[in-house]
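For reference, the structure discussed in these notes is given below.
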Amino acid sequence: PRLGTVLYNTLESLRVISGLLFPVIPEKMSALRGALGLDAQRIVPSLEALRRWGDLGAGRPIGALDNLFPRIQRPKASSAKKKAPAGKTERPTISFGHFSKLDLRVGKIVEAARIEGADRLLRLRVDLGEAQPRQVVAGIASHYDPADLVGHSVVVVANLEPAEIRGVRSEGMILAASRGKRLRLLTPDAEVAPGTPVS
């Protein structure tokens, strides 16, 4: 008898809950109310019926009901997207035409100094074989001492649009490779004249 009382109260609670949720999810709640044995005329609940406790007749058979809210199946590990190896980032491919628009040249650093108020930035003067060295701002101050950079050959993106960085004009970008917290400049493995194209 105690179990019967618990089950009845559970079903009667579902009757009331289904009526309260009917305006929001009518299709699901109609299926629930149909399984509770409510006839078609009463499938749309009235407020009066929801206020009454015991409106679900005792001994009423309960119909079959599929899972109203099935669990979302997570994809299997084998079909999940594999993570890129550490240090590798996935980027969209580009055409050779896009790549050929880059003007990469070898440059030689002739001056290097820290930028006041910018812990990570250095102001570099880079000889690219032009009439005057270019000024380039690089975020490498935590990896290189300015005095050690003078005389180094580097690879520069020479046709990058000039930009103001911390109030300092930068006329190119020096290429570097990073792994974890380490950063290293890309340099030719032999002496190359400033301004030599990189292809």
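Identifiers in the structure tokens: chain A, B, ... in order shown; residue index from 1 per chain; ligand index from 1 in order shown.
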Please provide the set of residues having any atom within 12 Å of Ile115 in chain A, restricted to only C-alpha atoms, with same-chain residues fewer than 6 positions apart removed, written as a ChimeraX atom specification.
/A:121-124,136-141,146,165-169
Identify, on the basis of only C-alpha atoms, every residue whose closest approach to range 48-55 of chain A does not exceed 8 Å; exclude the query and any residue fewer than 3 positions from it along the same chain; express the result as a ChimeraX atom specification.
/A:12,15-16,19-20,45
Contact residues around Ala64 in chain A with only C-alpha atoms at 12 Å, ignoring same-chain residues under 4 positions, as a VMD selection string:
chain A and resid 31 to 37 68
Every residue of range 8-185 of chain A that DSSP places in strand (DSSP E), as a PyMOL selection string
chain A and resi 104-115+118-127+134-138+153-157+163-165+168-170+173-174+176-179+182-185
Could you write out that same residue set with C-alpha atoms as a short mmCIF file (atom, residue, chain, number, x, y, z; two decimals), in the first residue's frame?
```
data_model
loop_
_atom_site.label_atom_id
_atom_site.label_comp_id
_atom_site.auth_asym_id
_atom_site.auth_seq_id
_atom_site.Cartn_x
_atom_site.Cartn_y
_atom_site.Cartn_z
CA LEU A 104 61.05 38.18 -47.54
CA ARG A 105 64.59 39.50 -47.39
CA VAL A 106 67.73 38.96 -45.40
CA GLY A 107 68.56 41.92 -43.20
CA LYS A 108 71.45 42.77 -40.89
CA ILE A 109 70.79 44.39 -37.52
CA VAL A 110 72.95 47.49 -37.20
CA GLU A 111 71.39 48.98 -34.03
CA ALA A 112 69.30 47.60 -31.17
CA ALA A 113 67.83 49.33 -28.11
CA ARG A 114 65.07 48.83 -25.59
CA ILE A 115 61.87 50.87 -25.85
CA ALA A 118 57.80 48.36 -22.97
CA ASP A 119 59.44 45.37 -21.29
CA ARG A 120 59.16 43.03 -24.29
CA LEU A 121 59.92 45.39 -27.18
CA LEU A 122 63.17 46.31 -28.90
CA ARG A 123 63.74 49.04 -31.45
CA LEU A 124 65.97 47.67 -34.21
CA ARG A 125 67.65 49.32 -37.19
CA VAL A 126 67.94 46.74 -39.96
CA ASP A 127 70.00 47.04 -43.15
CA ARG A 134 64.72 50.36 -41.61
CA GLN A 135 63.31 50.72 -38.14
CA VAL A 136 61.59 47.55 -36.92
CA VAL A 137 59.91 46.94 -33.55
CA ALA A 138 60.27 43.35 -32.31
CA SER A 153 71.49 38.49 -39.99
CA VAL A 154 67.72 37.93 -39.81
CA VAL A 155 64.78 37.27 -42.12
CA VAL A 156 62.42 40.24 -42.52
CA VAL A 157 58.95 40.60 -44.02
CA ALA A 163 52.47 50.30 -37.97
CA GLU A 164 52.82 52.40 -34.83
CA ILE A 165 53.74 50.24 -31.82
CA VAL A 168 57.31 53.86 -32.47
CA ARG A 169 56.99 53.33 -36.21
CA SER A 170 57.75 49.78 -37.37
CA MET A 173 58.59 42.19 -39.20
CA ILE A 174 61.46 39.97 -38.12
CA ALA A 176 61.22 34.04 -35.30
CA ALA A 177 60.33 30.54 -34.17
CA SER A 178 58.86 29.82 -30.74
CA ARG A 179 58.65 26.63 -28.73
CA ARG A 182 61.73 30.01 -25.94
CA LEU A 183 61.98 32.22 -29.02
CA ARG A 184 64.74 32.14 -31.63
CA LEU A 185 65.30 34.38 -34.64
#
```
DSSP-assigned alpha helix (DSSP H) members of range 1-193 of chain A, reported as an mmCIF file with N, CA, C and O atoms, in the first residue's frame:
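Written out: part.cif:
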```
data_model
loop_
_atom_site.group_PDB
_atom_site.id
_atom_site.type_symbol
_atom_site.label_atom_id
_atom_site.label_comp_id
_atom_site.auth_asym_id
_atom_site.auth_seq_id
_atom_site.Cartn_x
_atom_site.Cartn_y
_atom_site.Cartn_z
ATOM 1 N N ARG A 2 1.971 1.236 0.769
ATOM 2 C CA ARG A 2 2.843 2.401 0.823
ATOM 3 C C ARG A 2 3.456 2.679 -0.549
ATOM 4 O O ARG A 2 3.516 3.827 -1.000
ATOM 5 N N LEU A 3 3.916 1.627 -1.247
ATOM 6 C CA LEU A 3 4.479 1.784 -2.585
ATOM 7 C C LEU A 3 3.431 2.320 -3.549
ATOM 8 O O LEU A 3 3.714 3.193 -4.369
ATOM 9 N N GLY A 4 2.208 1.820 -3.434
ATOM 10 C CA GLY A 4 1.130 2.300 -4.302
ATOM 11 C C GLY A 4 0.882 3.781 -4.108
ATOM 12 O O GLY A 4 0.647 4.521 -5.071
ATOM 13 N N THR A 5 0.937 4.241 -2.841
ATOM 14 C CA THR A 5 0.731 5.663 -2.552
ATOM 15 C C THR A 5 1.846 6.503 -3.171
ATOM 16 O O THR A 5 1.597 7.562 -3.765
ATOM 17 N N VAL A 6 3.093 6.028 -3.029
ATOM 18 C CA VAL A 6 4.226 6.761 -3.593
ATOM 19 C C VAL A 6 4.108 6.854 -5.114
ATOM 20 O O VAL A 6 4.304 7.924 -5.703
ATOM 21 N N LEU A 7 3.773 5.740 -5.764
ATOM 22 C CA LEU A 7 3.664 5.739 -7.223
ATOM 23 C C LEU A 7 2.525 6.648 -7.681
ATOM 24 O O LEU A 7 2.664 7.377 -8.674
ATOM 25 N N TYR A 8 1.395 6.614 -6.962
ATOM 26 C CA TYR A 8 0.273 7.467 -7.354
ATOM 27 C C TYR A 8 0.662 8.943 -7.235
ATOM 28 O O TYR A 8 0.383 9.745 -8.129
ATOM 29 N N ASN A 9 1.287 9.302 -6.118
ATOM 30 C CA ASN A 9 1.685 10.700 -5.937
ATOM 31 C C ASN A 9 2.693 11.149 -7.000
ATOM 32 O O ASN A 9 2.681 12.298 -7.448
ATOM 33 N N THR A 10 3.570 10.210 -7.408
ATOM 34 C CA THR A 10 4.533 10.530 -8.462
ATOM 35 C C THR A 10 3.819 10.805 -9.776
ATOM 36 O O THR A 10 4.098 11.803 -10.467
ATOM 37 N N LEU A 11 2.860 9.941 -10.140
ATOM 38 C CA LEU A 11 2.122 10.120 -11.390
ATOM 39 C C LEU A 11 1.247 11.374 -11.349
ATOM 40 O O LEU A 11 1.142 12.102 -12.341
ATOM 41 N N GLU A 12 0.627 11.653 -10.214
ATOM 42 C CA GLU A 12 -0.198 12.854 -10.091
ATOM 43 C C GLU A 12 0.670 14.115 -10.192
ATOM 44 O O GLU A 12 0.263 15.117 -10.781
ATOM 45 N N SER A 13 1.895 14.033 -9.648
ATOM 46 C CA SER A 13 2.819 15.158 -9.789
ATOM 47 C C SER A 13 3.192 15.373 -11.247
ATOM 48 O O SER A 13 3.276 16.516 -11.722
ATOM 49 N N LEU A 14 3.396 14.255 -11.970
ATOM 50 C CA LEU A 14 3.697 14.378 -13.391
ATOM 51 C C LEU A 14 2.527 14.989 -14.155
ATOM 52 O O LEU A 14 2.724 15.752 -15.112
ATOM 53 N N ARG A 15 1.304 14.669 -13.764
ATOM 54 C CA ARG A 15 0.131 15.267 -14.410
ATOM 55 C C ARG A 15 0.144 16.790 -14.244
ATOM 56 O O ARG A 15 -0.039 17.540 -15.210
ATOM 57 N N VAL A 16 0.401 17.250 -13.035
ATOM 58 C CA VAL A 16 0.414 18.690 -12.779
ATOM 59 C C VAL A 16 1.591 19.357 -13.501
ATOM 60 O O VAL A 16 1.446 20.406 -14.139
ATOM 61 N N ILE A 17 2.774 18.722 -13.416
ATOM 62 C CA ILE A 17 3.964 19.286 -14.065
ATOM 63 C C ILE A 17 3.761 19.372 -15.574
ATOM 64 O O ILE A 17 4.126 20.373 -16.210
ATOM 65 N N SER A 18 3.168 18.328 -16.161
ATOM 66 C CA SER A 18 2.948 18.335 -17.612
ATOM 67 C C SER A 18 2.026 19.471 -18.020
ATOM 68 O O SER A 18 2.179 20.053 -19.096
ATOM 69 N N GLY A 19 1.066 19.801 -17.167
ATOM 70 C CA GLY A 19 0.181 20.925 -17.477
ATOM 71 C C GLY A 19 0.894 22.259 -17.388
ATOM 72 O O GLY A 19 0.673 23.160 -18.210
ATOM 73 N N LEU A 20 1.784 22.392 -16.404
ATOM 74 C CA LEU A 20 2.515 23.646 -16.255
ATOM 75 C C LEU A 20 3.503 23.869 -17.399
ATOM 76 O O LEU A 20 3.740 25.005 -17.815
ATOM 77 N N LEU A 21 4.099 22.779 -17.904
ATOM 78 C CA LEU A 21 5.083 22.897 -18.968
ATOM 79 C C LEU A 21 4.465 22.847 -20.366
ATOM 80 O O LEU A 21 5.169 23.089 -21.356
ATOM 81 N N PRO A 26 4.733 21.806 -25.789
ATOM 82 C CA PRO A 26 3.451 21.103 -25.921
ATOM 83 C C PRO A 26 3.561 19.688 -26.474
ATOM 84 O O PRO A 26 2.845 18.790 -26.031
ATOM 85 N N GLU A 27 4.466 19.470 -27.424
ATOM 86 C CA GLU A 27 4.559 18.140 -28.041
ATOM 87 C C GLU A 27 4.991 17.086 -27.020
ATOM 88 O O GLU A 27 4.389 16.019 -26.912
ATOM 89 N N LYS A 28 6.031 17.397 -26.250
ATOM 90 C CA LYS A 28 6.523 16.449 -25.247
ATOM 91 C C LYS A 28 5.491 16.236 -24.141
ATOM 92 O O LYS A 28 5.267 15.116 -23.675
ATOM 93 N N MET A 29 4.869 17.325 -23.693
ATOM 94 C CA MET A 29 3.911 17.204 -22.596
ATOM 95 C C MET A 29 2.623 16.526 -23.036
ATOM 96 O O MET A 29 1.969 15.834 -22.251
ATOM 97 N N SER A 30 2.249 16.674 -24.314
ATOM 98 C CA SER A 30 1.084 15.938 -24.826
ATOM 99 C C SER A 30 1.355 14.437 -24.797
ATOM 100 O O SER A 30 0.478 13.636 -24.447
ATOM 101 N N ALA A 31 2.582 14.051 -25.177
ATOM 102 C CA ALA A 31 2.948 12.634 -25.136
ATOM 103 C C ALA A 31 2.908 12.116 -23.703
ATOM 104 O O ALA A 31 2.426 11.001 -23.445
ATOM 105 N N LEU A 32 3.401 12.895 -22.756
ATOM 106 C CA LEU A 32 3.385 12.480 -21.356
ATOM 107 C C LEU A 32 1.962 12.345 -20.839
ATOM 108 O O LEU A 32 1.615 11.353 -20.185
ATOM 109 N N ARG A 33 1.123 13.322 -21.136
ATOM 110 C CA ARG A 33 -0.263 13.267 -20.659
ATOM 111 C C ARG A 33 -1.037 12.129 -21.315
ATOM 112 O O ARG A 33 -1.897 11.509 -20.699
ATOM 113 N N GLY A 34 -0.701 11.827 -22.579
ATOM 114 C CA GLY A 34 -1.340 10.684 -23.224
ATOM 115 C C GLY A 34 -0.963 9.380 -22.539
ATOM 116 O O GLY A 34 -1.793 8.489 -22.354
ATOM 117 N N ALA A 35 0.318 9.254 -22.142
ATOM 118 C CA ALA A 35 0.759 8.046 -21.439
ATOM 119 C C ALA A 35 0.098 7.916 -20.070
ATOM 120 O O ALA A 35 -0.073 6.804 -19.562
ATOM 121 N N LEU A 47 -6.413 25.411 -15.882
ATOM 122 C CA LEU A 47 -5.866 25.804 -14.586
ATOM 123 C C LEU A 47 -6.658 25.172 -13.449
ATOM 124 O O LEU A 47 -6.095 24.801 -12.419
ATOM 125 N N GLU A 48 -7.936 25.041 -13.650
ATOM 126 C CA GLU A 48 -8.774 24.425 -12.595
ATOM 127 C C GLU A 48 -8.356 22.983 -12.347
ATOM 128 O O GLU A 48 -8.242 22.537 -11.200
ATOM 129 N N ALA A 49 -8.084 22.245 -13.442
ATOM 130 C CA ALA A 49 -7.673 20.848 -13.292
ATOM 131 C C ALA A 49 -6.305 20.745 -12.642
ATOM 132 O O ALA A 49 -6.022 19.799 -11.888
ATOM 133 N N LEU A 50 -5.433 21.716 -12.905
ATOM 134 C CA LEU A 50 -4.090 21.676 -12.323
ATOM 135 C C LEU A 50 -4.111 21.966 -10.829
ATOM 136 O O LEU A 50 -3.217 21.548 -10.100
ATOM 137 N N ARG A 51 -5.117 22.719 -10.380
ATOM 138 C CA ARG A 51 -5.189 23.056 -8.957
ATOM 139 C C ARG A 51 -5.720 21.894 -8.122
ATOM 140 O O ARG A 51 -5.524 21.864 -6.910
ATOM 141 N N PHE A 96 50.027 29.410 -53.890
ATOM 142 C CA PHE A 96 51.366 29.927 -54.150
ATOM 143 C C PHE A 96 51.303 31.409 -54.489
ATOM 144 O O PHE A 96 52.205 32.178 -54.169
ATOM 145 N N GLY A 97 50.193 31.813 -55.121
ATOM 146 C CA GLY A 97 50.033 33.220 -55.456
ATOM 147 C C GLY A 97 50.024 34.103 -54.224
ATOM 148 O O GLY A 97 50.618 35.190 -54.222
ATOM 149 N N HIS A 98 49.342 33.640 -53.166
ATOM 150 C CA HIS A 98 49.331 34.410 -51.926
ATOM 151 C C HIS A 98 50.728 34.444 -51.296
ATOM 152 O O HIS A 98 51.181 35.485 -50.817
ATOM 153 N N PHE A 99 51.395 33.300 -51.301
ATOM 154 C CA PHE A 99 52.732 33.247 -50.711
ATOM 155 C C PHE A 99 53.701 34.152 -51.456
ATOM 156 O O PHE A 99 54.544 34.820 -50.851
ATOM 157 N N PRO A 146 70.002 43.550 -26.324
ATOM 158 C CA PRO A 146 70.212 44.380 -27.518
ATOM 159 C C PRO A 146 71.643 44.353 -28.031
ATOM 160 O O PRO A 146 71.874 44.277 -29.244
ATOM 161 N N ALA A 147 72.630 44.401 -27.142
ATOM 162 C CA ALA A 147 74.024 44.442 -27.581
ATOM 163 C C ALA A 147 74.417 43.184 -28.340
ATOM 164 O O ALA A 147 75.286 43.227 -29.226
ATOM 165 N N ASP A 148 73.789 42.040 -28.006
ATOM 166 C CA ASP A 148 74.144 40.787 -28.663
ATOM 167 C C ASP A 148 73.552 40.664 -30.060
ATOM 168 O O ASP A 148 73.932 39.774 -30.827
ATOM 169 N N LEU A 149 72.601 41.519 -30.410
ATOM 170 C CA LEU A 149 71.917 41.399 -31.701
ATOM 171 C C LEU A 149 72.632 42.127 -32.828
ATOM 172 O O LEU A 149 72.445 41.783 -33.999
#
```
Between CA of Asp145 in chain A and CA of Gly180 in chain A, what is the distance in Å, rounded to a tenth?
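For CA of Asp145 in chain A relative to CA of Gly180 in chain A, the distance reads 19.4 Å.
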